[in-house]
Amino acid sequence: MLNTETPSQAHAALDQYPTTELVNVFVDDQLQAVEAVRKAAPRIAAAVTAALPRMEAGGRLIYVGAGTSGRLGVLDSVELYPTFSWPHGRAVALLAGGSDAMFVAVEGAEDDFAQGAADLQGVNVGPDDVVLAIAASGGTPYVLGAIQAARAVGALTVGFANNPDAPVTQEAEIGVTLDTGPEVVSGSTRLKAGTSQKIALNTFSSALMVRLNKVYGNLMVDLKATNAKLVRRAIRLTSFATGADEEAARAVLEQCGFHVKTAIVALSKQTSVEQAQALLEAARGSVRQALA
């Protein structure tokens, strides 16, 4: 039996716990998710290193999963645009059962190997793409079909699973095992297995964006200021990075469409927005190199 399906021997009387103890058990069990990701850190780092040249060549991140795993892939893909200005078209999420499965469980869809391959082929996967295949059990046919189709065209495949020696990690070029063990509620991988996947995907995509010069120091300098909160954040980040007051930061940001990178370079080097943009382009988007 898979670890993720094995009933937890530690909590056989879970339904009899007082409410405070019940809550504490659920919270404390999540700590194992962090430890599982920590142990997998070398594999995640290897995935970042392998993905980088493909992203620099214009490739896409393509997330594939079913159920909770698929929804976590959708979440990671959606958040890359506002956080890092990563183009919508370069973060694609495929969910077994289609987009409706984001809101209503379509459980049988995960068993369709051929549909996983077809869905991936349907987005014209190519050799510069990176396919992130996510499955708690590690044996989801839909996800395995997608891996096979991706490897056939030379795309990089990274498989995330919560059981050791799972097919998803074995079939992918880079396997990331997040061994979270039995769940408090037997088989409910929306618990710590899902938490570990969220951490691992966050870690992978965020580290990749740092390598792609989307961060200066630890500042989110490539955000999209798409609402009032993010406009205020852009002003604060620019002011913090340059020492300019917020009024001066806003004035320059207004000239460059609230692109924090450009504003930082323009203010720091006392140059025009146009010259700052040219410096950034020459430095491949690196604020640090543009300021050197």
# chains A, B, ... in the order shown; residues from 1 in each chain; ligands from 1
>>> residues_around(residues="range 2-9 of chain A", least_positions_apart="6", cutoff="10 Å", atoms="only C-alpha atoms", output="list in words")
Ala136, Ser137, Gly138, Asn162, Asn163, Pro164, Ala166, Asp179, Thr180, Gly181, Pro182, Glu183, Val184, Val185, Ser186, Gly187, Ser188, Thr189, Lys192 and Ala193 of chain A
>>> write_last_selection(atoms="N, CA and C atoms", output="CSV table (one decimal), in the first residue's frame")
chain,number,residue,atom,x,y,z
A,136,ALA,N,0.2,13.3,-6.1
A,136,ALA,CA,0.5,12.8,-4.7
A,136,ALA,C,0.8,11.3,-4.7
A,137,SER,N,0.0,10.5,-5.4
A,137,SER,CA,0.2,9.1,-5.4
A,137,SER,C,1.5,8.7,-6.2
A,138,GLY,N,1.7,9.6,-7.2
A,138,GLY,CA,2.8,9.3,-8.1
A,138,GLY,C,2.5,8.4,-9.2
A,162,ASN,N,4.5,12.1,-3.8
A,162,ASN,CA,4.6,12.0,-2.3
A,162,ASN,C,4.8,10.5,-1.9
A,163,ASN,N,5.2,9.7,-2.8
A,163,ASN,CA,5.6,8.3,-2.4
A,163,ASN,C,6.9,8.0,-3.1
A,164,PRO,N,7.8,7.2,-2.3
A,164,PRO,CA,9.1,6.9,-2.9
A,164,PRO,C,8.9,6.0,-4.1
A,166,ALA,N,8.0,6.4,-7.1
A,166,ALA,CA,6.7,6.5,-7.8
A,166,ALA,C,6.9,6.6,-9.3
A,179,ASP,N,8.3,12.8,0.5
A,179,ASP,CA,7.8,11.7,1.2
A,179,ASP,C,7.1,12.1,2.5
A,180,THR,N,5.8,12.4,2.5
A,180,THR,CA,5.1,13.0,3.6
A,180,THR,C,4.5,11.9,4.5
A,181,GLY,N,4.5,10.6,4.0
A,181,GLY,CA,3.9,9.6,4.8
A,181,GLY,C,2.4,9.6,4.9
A,182,PRO,N,1.8,8.8,5.8
A,182,PRO,CA,0.4,8.7,6.0
A,182,PRO,C,-0.2,10.0,6.4
A,183,GLU,N,-1.5,10.3,6.0
A,183,GLU,CA,-2.2,11.5,6.4
A,183,GLU,C,-3.0,11.2,7.7
A,184,VAL,N,-3.2,12.3,8.4
A,184,VAL,CA,-4.1,12.2,9.6
A,184,VAL,C,-5.4,11.6,9.3
A,185,VAL,N,-6.0,12.1,8.2
A,185,VAL,CA,-7.2,11.5,7.7
A,185,VAL,C,-6.8,10.6,6.5
A,186,SER,N,-6.9,9.3,6.6
A,186,SER,CA,-6.3,8.4,5.7
A,186,SER,C,-6.6,8.7,4.2
A,187,GLY,N,-5.5,8.9,3.5
A,187,GLY,CA,-5.6,9.1,2.0
A,187,GLY,C,-6.0,10.5,1.6
A,188,SER,N,-6.2,11.4,2.5
A,188,SER,CA,-6.6,12.8,2.2
A,188,SER,C,-5.4,13.6,1.9
A,189,THR,N,-4.9,13.5,0.7
A,189,THR,CA,-3.6,14.1,0.3
A,189,THR,C,-3.8,15.6,0.1
A,192,LYS,N,-1.1,17.2,4.3
A,192,LYS,CA,0.3,17.6,4.2
A,192,LYS,C,1.0,17.2,2.9
A,193,ALA,N,0.4,16.3,2.2
A,193,ALA,CA,1.0,16.0,0.8
A,193,ALA,C,0.7,17.2,0.0
>>> select_by_dssp(residues="range 226-284 of chain A", states="alpha helix (DSSP H)", output="PyMOL selection string")
chain A and resi 228-242+246-255+260-268+273-282
>>> residues_around(residues="Gly89 in chain A", least_positions_apart="2", cutoff="12 Å", atoms="only C-alpha atoms", output="list in words")
Gly58, Gly59, Arg60, Leu61, Ile62, Ser77, Val78, Leu80, Tyr81, Ser85, Trp86, Pro87, Ala91, Val92, Ala93, Val123 and Asp129 of chain A
>>> residues_around(residues="Leu95 in chain A", least_positions_apart="5", cutoff="8 Å", atoms="only C-alpha atoms", output="PDB file with C-alpha atoms, in the first residue's frame")
ATOM      1  CA  VAL A  64       0.049  19.079 -15.200  1.00  0.00           C
ATOM      2  CA  GLY A  65      -1.967  17.406 -12.478  1.00  0.00           C
ATOM      3  CA  ALA A  66      -5.296  16.063 -11.260  1.00  0.00           C
ATOM      4  CA  GLY A  67      -7.415  16.988  -8.252  1.00  0.00           C
ATOM      5  CA  GLY A  70      -3.574  19.955 -10.436  1.00  0.00           C
ATOM      6  CA  ARG A  71      -5.227  22.846  -8.627  1.00  0.00           C
ATOM      7  CA  VAL A  74      -2.961  26.183 -11.521  1.00  0.00           C
ATOM      8  CA  ALA A 101     -12.295  20.601 -12.461  1.00  0.00           C
ATOM      9  CA  MET A 102     -10.818  23.610 -10.671  1.00  0.00           C
TER      10      MET A 102
END
>>> closest_residue(among="A:Val287, A:Val48, A:Val273, A:Ala10", to="Val176 in chain A", atoms="only C-alpha atoms")
A:Val48
>>> residues_around(residues="Lys214 in chain A", least_positions_apart="5", cutoff="10 Å", atoms="only C-alpha atoms", output="PDB file with N, CA, C and O atoms, in the first residue's frame")
ATOM      1  N   THR A  83       3.310  38.603  -9.631  1.00  0.00           N
ATOM      2  CA  THR A  83       4.497  38.634  -8.768  1.00  0.00           C
ATOM      3  C   THR A  83       5.767  38.961  -9.537  1.00  0.00           C
ATOM      4  O   THR A  83       6.614  39.715  -9.049  1.00  0.00           O
ATOM      5  N   PHE A  84       5.902  38.395 -10.734  1.00  0.00           N
ATOM      6  CA  PHE A  84       7.158  38.517 -11.469  1.00  0.00           C
ATOM      7  C   PHE A  84       6.997  39.021 -12.903  1.00  0.00           C
ATOM      8  O   PHE A  84       7.960  38.995 -13.676  1.00  0.00           O
ATOM      9  N   SER A  85       5.803  39.446 -13.294  1.00  0.00           N
ATOM     10  CA  SER A  85       5.527  39.860 -14.679  1.00  0.00           C
ATOM     11  C   SER A  85       5.818  38.734 -15.671  1.00  0.00           C
ATOM     12  O   SER A  85       6.163  38.982 -16.822  1.00  0.00           O
ATOM     13  N   TRP A  86       5.698  37.490 -15.216  1.00  0.00           N
ATOM     14  CA  TRP A  86       5.896  36.367 -16.121  1.00  0.00           C
ATOM     15  C   TRP A  86       4.685  36.283 -17.042  1.00  0.00           C
ATOM     16  O   TRP A  86       3.559  36.231 -16.568  1.00  0.00           O
ATOM     17  N   SER A 206       9.848  30.310  -7.641  1.00  0.00           N
ATOM     18  CA  SER A 206      10.447  31.532  -7.099  1.00  0.00           C
ATOM     19  C   SER A 206      11.955  31.545  -7.311  1.00  0.00           C
ATOM     20  O   SER A 206      12.527  32.565  -7.698  1.00  0.00           O
ATOM     21  N   ALA A 207      12.616  30.408  -7.069  1.00  0.00           N
ATOM     22  CA  ALA A 207      14.055  30.328  -7.295  1.00  0.00           C
ATOM     23  C   ALA A 207      14.382  30.546  -8.768  1.00  0.00           C
ATOM     24  O   ALA A 207      15.361  31.232  -9.117  1.00  0.00           O
ATOM     25  N   LEU A 208      13.554  29.994  -9.643  1.00  0.00           N
ATOM     26  CA  LEU A 208      13.761  30.177 -11.074  1.00  0.00           C
ATOM     27  C   LEU A 208      13.626  31.651 -11.452  1.00  0.00           C
ATOM     28  O   LEU A 208      14.428  32.179 -12.239  1.00  0.00           O
ATOM     29  N   MET A 209      12.645  32.335 -10.887  1.00  0.00           N
ATOM     30  CA  MET A 209      12.454  33.753 -11.191  1.00  0.00           C
ATOM     31  C   MET A 209      13.624  34.605 -10.673  1.00  0.00           C
ATOM     32  O   MET A 209      14.020  35.578 -11.309  1.00  0.00           O
ATOM     33  N   LEU A 219      14.112  42.021  -3.231  1.00  0.00           N
ATOM     34  CA  LEU A 219      12.984  42.895  -3.542  1.00  0.00           C
ATOM     35  C   LEU A 219      12.258  42.429  -4.809  1.00  0.00           C
ATOM     36  O   LEU A 219      12.891  42.071  -5.806  1.00  0.00           O
ATOM     37  N   MET A 220      10.946  42.469  -4.766  1.00  0.00           N
ATOM     38  CA  MET A 220      10.098  42.050  -5.871  1.00  0.00           C
ATOM     39  C   MET A 220      10.017  43.179  -6.901  1.00  0.00           C
ATOM     40  O   MET A 220       9.048  43.940  -6.958  1.00  0.00           O
ATOM     41  N   VAL A 221      11.053  43.296  -7.735  1.00  0.00           N
ATOM     42  CA  VAL A 221      11.186  44.476  -8.588  1.00  0.00           C
ATOM     43  C   VAL A 221      10.571  44.311  -9.974  1.00  0.00           C
ATOM     44  O   VAL A 221      10.630  45.223 -10.794  1.00  0.00           O
ATOM     45  N   ASP A 222       9.975  43.142 -10.254  1.00  0.00           N
ATOM     46  CA  ASP A 222       9.360  42.943 -11.566  1.00  0.00           C
ATOM     47  C   ASP A 222       7.872  42.681 -11.443  1.00  0.00           C
ATOM     48  O   ASP A 222       7.259  42.045 -12.308  1.00  0.00           O
ATOM     49  N   LEU A 223       7.270  43.174 -10.370  1.00  0.00           N
ATOM     50  CA  LEU A 223       5.843  42.962 -10.162  1.00  0.00           C
ATOM     51  C   LEU A 223       5.022  43.754 -11.179  1.00  0.00           C
ATOM     52  O   LEU A 223       5.500  44.705 -11.794  1.00  0.00           O
ATOM     53  N   LYS A 261      11.877  48.028 -11.699  1.00  0.00           N
ATOM     54  CA  LYS A 261      13.263  47.902 -12.161  1.00  0.00           C
ATOM     55  C   LYS A 261      13.740  49.188 -12.837  1.00  0.00           C
ATOM     56  O   LYS A 261      14.819  49.715 -12.537  1.00  0.00           O
ATOM     57  N   GLY A 285      17.985  42.310 -18.041  1.00  0.00           N
ATOM     58  CA  GLY A 285      17.002  42.480 -16.982  1.00  0.00           C
ATOM     59  C   GLY A 285      17.551  42.519 -15.575  1.00  0.00           C
ATOM     60  O   GLY A 285      16.779  42.620 -14.620  1.00  0.00           O
ATOM     61  N   SER A 286      18.847  42.444 -15.420  1.00  0.00           N
ATOM     62  CA  SER A 286      19.446  42.433 -14.082  1.00  0.00           C
ATOM     63  C   SER A 286      19.638  43.860 -13.580  1.00  0.00           C
ATOM     64  O   SER A 286      20.444  44.617 -14.151  1.00  0.00           O
ATOM     65  N   VAL A 287      18.945  44.224 -12.525  1.00  0.00           N
ATOM     66  CA  VAL A 287      19.112  45.550 -11.928  1.00  0.00           C
ATOM     67  C   VAL A 287      20.545  45.700 -11.429  1.00  0.00           C
ATOM     68  O   VAL A 287      21.188  46.757 -11.635  1.00  0.00           O
TER      69      VAL A 287
END
>>> select_by_dssp(residues="range 23-112 of chain A", states="strand (DSSP E or B)", output="VMD selection string")
chain A and resid 61 to 65 91 to 95
>>> residues_around(residues="Val25 in chain A", least_positions_apart="2", cutoff="12 Å", atoms="only C-alpha atoms", output="PyMOL selection string")
chain A and resi 8+10-11+13-15+17-23+27-32+183-185+191-192
>>> residues_around(residues="Arg236 in chain A", least_positions_apart="6", cutoff="10 Å", atoms="only C-alpha atoms", output="short mmCIF file (atom, residue, chain, number, x, y, z; two decimals) with all heavy atoms, in the first residue's frame")
data_model
loop_
_atom_site.label_atom_id
_atom_site.label_comp_id
_atom_site.auth_asym_id
_atom_site.auth_seq_id
_atom_site.Cartn_x
_atom_site.Cartn_y
_atom_site.Cartn_z
N LEU A 230 -0.74 47.04 -5.08
CA LEU A 230 0.53 46.81 -5.76
C LEU A 230 1.17 48.11 -6.23
O LEU A 230 2.40 48.20 -6.31
CB LEU A 230 0.32 45.85 -6.93
CG LEU A 230 -0.06 44.41 -6.52
CD1 LEU A 230 -0.34 43.55 -7.74
CD2 LEU A 230 1.03 43.78 -5.66
N ALA A 244 15.21 57.34 -2.40
CA ALA A 244 14.38 58.48 -2.81
C ALA A 244 13.12 58.52 -1.96
O ALA A 244 12.64 57.49 -1.47
CB ALA A 244 14.01 58.36 -4.28
N ASP A 245 12.56 59.73 -1.78
CA ASP A 245 11.30 59.79 -1.05
C ASP A 245 10.18 59.26 -1.95
O ASP A 245 10.35 59.09 -3.16
CB ASP A 245 11.01 61.20 -0.55
CG ASP A 245 10.86 62.23 -1.67
OD1 ASP A 245 10.26 61.92 -2.71
OD2 ASP A 245 11.35 63.37 -1.49
N GLU A 246 9.04 58.97 -1.34
CA GLU A 246 7.96 58.32 -2.08
C GLU A 246 7.40 59.21 -3.19
O GLU A 246 6.96 58.70 -4.23
CB GLU A 246 6.86 57.86 -1.12
CG GLU A 246 7.33 56.72 -0.20
CD GLU A 246 6.19 56.01 0.50
OE1 GLU A 246 5.02 56.42 0.32
OE2 GLU A 246 6.47 55.03 1.22
N ALA A 249 9.78 58.80 -6.05
CA ALA A 249 9.64 57.45 -6.59
C ALA A 249 8.39 57.34 -7.45
O ALA A 249 8.44 56.79 -8.57
CB ALA A 249 9.58 56.44 -5.44
N ARG A 250 7.28 57.88 -6.97
CA ARG A 250 6.04 57.84 -7.75
C ARG A 250 6.19 58.58 -9.07
O ARG A 250 5.72 58.12 -10.12
CB ARG A 250 4.88 58.42 -6.95
CG ARG A 250 3.57 58.47 -7.75
CD ARG A 250 2.47 59.16 -6.97
NE ARG A 250 1.82 58.27 -6.02
CZ ARG A 250 0.84 57.43 -6.35
NH1 ARG A 250 0.39 57.35 -7.60
NH2 ARG A 250 0.30 56.66 -5.44
N VAL A 260 9.15 48.81 -11.61
CA VAL A 260 10.06 49.11 -10.50
C VAL A 260 11.51 49.04 -10.93
O VAL A 260 12.33 49.89 -10.55
CB VAL A 260 9.78 48.17 -9.30
CG1 VAL A 260 10.79 48.41 -8.18
CG2 VAL A 260 8.36 48.37 -8.80
#
>>> closest_residue(among="A:Ala133, A:Gly97, A:Asp128, A:Ser196", to="Ala172 in chain A", atoms="only C-alpha atoms")
A:Ala133
>>> atom_distance(atom1="CA of Phe103 in chain A", atom2="CA of Leu75 in chain A")
12.6 Å
